[in-house]
Amino acid sequence: MILGPFAVLTGIMPTNHLLRAAQAAAESAGTWPSARRLPGRVWTDGSCIIPTDPYCRRAAWAVVCLAAFGYETLAAAMVCGRQTIGRAELSAIIWISRCTGGTTAVVDAQYLVGCMRRCAGGAPPEALLN
């Protein structure tokens with residue numbers, strides 16, 4: 001038996017206290033960049049390394065715009081709270097909602113369309129993280 005008799009009999013998997021501590025540290029380490037004026041069009045993306053491991057996964061997001069010689073990163077940050085790809089994608093949209101300037105956001109996550117509809121219906125963007 002690879003997992004040992006306790007795990008086989010109970011279905012409860014033992015966890016390493018160092019991994020739990022690393023997860024807690026990652027979930028409390030994110031910050032929000034300062035809001036700023038946005039150009040007419042921006043692109044968002046979120047990503048996560050080791051997305052299937054709740055203890056080791058780390059997620060981040062970014063917002064970029066077209067500049068004279070390529071793309072300029074307007075904001076990038078680690079995700080606040082639970083480290084998931086969906087939360088990373090949503091965090092980019094929340095940051096945009098805090099910024100000024102009329103902008104079109106190009107988003108590659110289809111499910112966020114439903115989230116944006118909820119915001120248009122009156123739900124504050126931060127409520128979508130719950």
# chains A, B, ... in the order shown; residues from 1 in each chain; ligands from 1
$ select_by_dssp --residues "segment 52-99 of chain A" --states "strand (DSSP E)" --output "JSON, numbers by chain"
{"A": [58, 59, 60, 61, 62, 63, 64, 65, 66, 67, 70, 71, 72, 73, 74, 75, 76, 77, 78]}
$ select_by_dssp --residues "chain A" --states "alpha helix (DSSP H)" --output "number ranges by chain"
A: 5-10, 17-27, 85-98, 111-120
$ write_last_selection --atoms "C-alpha atoms" --output "PDB file, in the first residue's frame"
ATOM      1  CA  PRO A   5      -3.705   1.516   6.054  1.00  0.00           C
ATOM      2  CA  PHE A   6      -5.200   4.655   7.649  1.00  0.00           C
ATOM      3  CA  ALA A   7      -5.810   6.320   4.277  1.00  0.00           C
ATOM      4  CA  VAL A   8      -7.157   3.107   2.769  1.00  0.00           C
ATOM      5  CA  LEU A   9      -9.589   2.485   5.653  1.00  0.00           C
ATOM      6  CA  THR A  10     -10.803   6.068   6.191  1.00  0.00           C
ATOM      7  CA  HIS A  17       2.083  20.848   7.579  1.00  0.00           C
ATOM      8  CA  LEU A  18       4.733  22.626   5.495  1.00  0.00           C
ATOM      9  CA  LEU A  19       2.552  22.368   2.380  1.00  0.00           C
ATOM     10  CA  ARG A  20      -0.463  23.721   4.289  1.00  0.00           C
ATOM     11  CA  ALA A  21       1.666  26.620   5.521  1.00  0.00           C
ATOM     12  CA  ALA A  22       2.876  27.324   1.973  1.00  0.00           C
ATOM     13  CA  GLN A  23      -0.716  27.346   0.736  1.00  0.00           C
ATOM     14  CA  ALA A  24      -1.779  29.771   3.482  1.00  0.00           C
ATOM     15  CA  ALA A  25       1.166  32.039   2.701  1.00  0.00           C
ATOM     16  CA  ALA A  26       0.338  32.099  -1.016  1.00  0.00           C
ATOM     17  CA  GLU A  27      -3.325  32.865  -0.343  1.00  0.00           C
ATOM     18  CA  ILE A  85      -7.050  29.996 -12.863  1.00  0.00           C
ATOM     19  CA  GLY A  86     -10.633  31.250 -12.723  1.00  0.00           C
ATOM     20  CA  ARG A  87      -9.865  33.577  -9.841  1.00  0.00           C
ATOM     21  CA  ALA A  88      -6.825  34.878 -11.759  1.00  0.00           C
ATOM     22  CA  GLU A  89      -8.918  35.661 -14.846  1.00  0.00           C
ATOM     23  CA  LEU A  90     -11.571  37.343 -12.701  1.00  0.00           C
ATOM     24  CA  SER A  91      -8.985  39.369 -10.769  1.00  0.00           C
ATOM     25  CA  ALA A  92      -7.865  41.053 -14.001  1.00  0.00           C
ATOM     26  CA  ILE A  93     -11.455  42.127 -14.711  1.00  0.00           C
ATOM     27  CA  ILE A  94     -11.897  43.412 -11.158  1.00  0.00           C
ATOM     28  CA  TRP A  95      -8.739  45.501 -11.476  1.00  0.00           C
ATOM     29  CA  ILE A  96     -10.029  46.983 -14.761  1.00  0.00           C
ATOM     30  CA  SER A  97     -13.328  47.842 -13.055  1.00  0.00           C
ATOM     31  CA  ARG A  98     -11.410  49.978 -10.532  1.00  0.00           C
ATOM     32  CA  TYR A 111     -17.281  32.063 -18.423  1.00  0.00           C
ATOM     33  CA  LEU A 112     -16.377  35.636 -17.443  1.00  0.00           C
ATOM     34  CA  VAL A 113     -19.076  36.900 -19.801  1.00  0.00           C
ATOM     35  CA  GLY A 114     -21.647  35.587 -17.295  1.00  0.00           C
ATOM     36  CA  CYS A 115     -19.767  37.239 -14.442  1.00  0.00           C
ATOM     37  CA  MET A 116     -19.758  40.572 -16.283  1.00  0.00           C
ATOM     38  CA  ARG A 117     -23.505  40.239 -16.873  1.00  0.00           C
ATOM     39  CA  ARG A 118     -23.957  39.804 -13.110  1.00  0.00           C
ATOM     40  CA  CYS A 119     -21.948  42.995 -12.561  1.00  0.00           C
ATOM     41  CA  ALA A 120     -24.125  44.808 -15.083  1.00  0.00           C
TER      42      ALA A 120
END
$ residues_around --residues "Val79 of chain A" --least-positions-apart "3" --cutoff "7 Å" --atoms "only C-alpha atoms" --output "PDB file with N, CA and C atoms, in the first residue's frame"
ATOM      1  N   GLY A  30      -1.177  37.996  -2.064  1.00  0.00           N
ATOM      2  CA  GLY A  30      -1.537  38.814  -3.221  1.00  0.00           C
ATOM      3  C   GLY A  30      -1.807  40.265  -2.863  1.00  0.00           C
ATOM      4  N   ALA A  59      -1.257  31.336  -8.647  1.00  0.00           N
ATOM      5  CA  ALA A  59      -1.957  31.985  -9.749  1.00  0.00           C
ATOM      6  C   ALA A  59      -1.589  33.463  -9.826  1.00  0.00           C
ATOM      7  N   ALA A  60      -1.632  34.000 -11.043  1.00  0.00           N
ATOM      8  CA  ALA A  60      -1.332  35.407 -11.279  1.00  0.00           C
ATOM      9  C   ALA A  60      -2.160  35.891 -12.466  1.00  0.00           C
ATOM     10  N   TRP A  61      -2.251  37.200 -12.615  1.00  0.00           N
ATOM     11  CA  TRP A  61      -3.011  37.794 -13.710  1.00  0.00           C
ATOM     12  C   TRP A  61      -2.262  39.001 -14.249  1.00  0.00           C
ATOM     13  N   GLN A  83      -5.900  30.198  -4.891  1.00  0.00           N
ATOM     14  CA  GLN A  83      -5.050  30.227  -6.078  1.00  0.00           C
ATOM     15  C   GLN A  83      -5.635  29.345  -7.187  1.00  0.00           C
ATOM     16  N   ALA A  88      -7.822  34.021 -11.101  1.00  0.00           N
ATOM     17  CA  ALA A  88      -6.825  34.878 -11.759  1.00  0.00           C
ATOM     18  C   ALA A  88      -7.466  35.669 -12.898  1.00  0.00           C
ATOM     19  N   SER A  91      -9.734  38.290 -11.423  1.00  0.00           N
ATOM     20  CA  SER A  91      -8.985  39.369 -10.769  1.00  0.00           C
ATOM     21  C   SER A  91      -8.582  40.456 -11.758  1.00  0.00           C
TER      22      SER A  91
END
$ residues_around --residues "Ala75 of chain A" --least-positions-apart "4" --cutoff "9 Å" --atoms "only C-alpha atoms" --output "list in words"
Trp32, Pro33, Ser34, Ala35, Trp61, Ala62, Val63, Val64, Ala92 and Trp95 of chain A
$ write_last_selection --atoms "C-alpha atoms" --output "short mmCIF file (atom, residue, chain, number, x, y, z; two decimals), in the first residue's frame"
data_model
loop_
_atom_site.label_atom_id
_atom_site.label_comp_id
_atom_site.auth_asym_id
_atom_site.auth_seq_id
_atom_site.Cartn_x
_atom_site.Cartn_y
_atom_site.Cartn_z
CA TRP A 32 -3.80 44.86 -5.96
CA PRO A 33 -1.81 47.26 -8.16
CA SER A 34 -2.90 50.88 -8.03
CA ALA A 35 -5.74 51.82 -10.35
CA TRP A 61 -3.01 37.79 -13.71
CA ALA A 62 -2.04 40.61 -16.06
CA VAL A 63 -3.56 43.38 -18.15
CA VAL A 64 -1.71 44.63 -21.23
CA ALA A 92 -7.86 41.05 -14.00
CA TRP A 95 -8.74 45.50 -11.48
#
$ atom_distance --atom1 "atom CA of Asp53 of chain A" --atom2 "atom CA of Leu74 of chain A"
29.3 Å
$ closest_residue --among "A:Gly40, A:Gly121, A:Gly81, A:Gly46" --to "Thr100 of chain A" --atoms "only C-alpha atoms"
A:Gly40
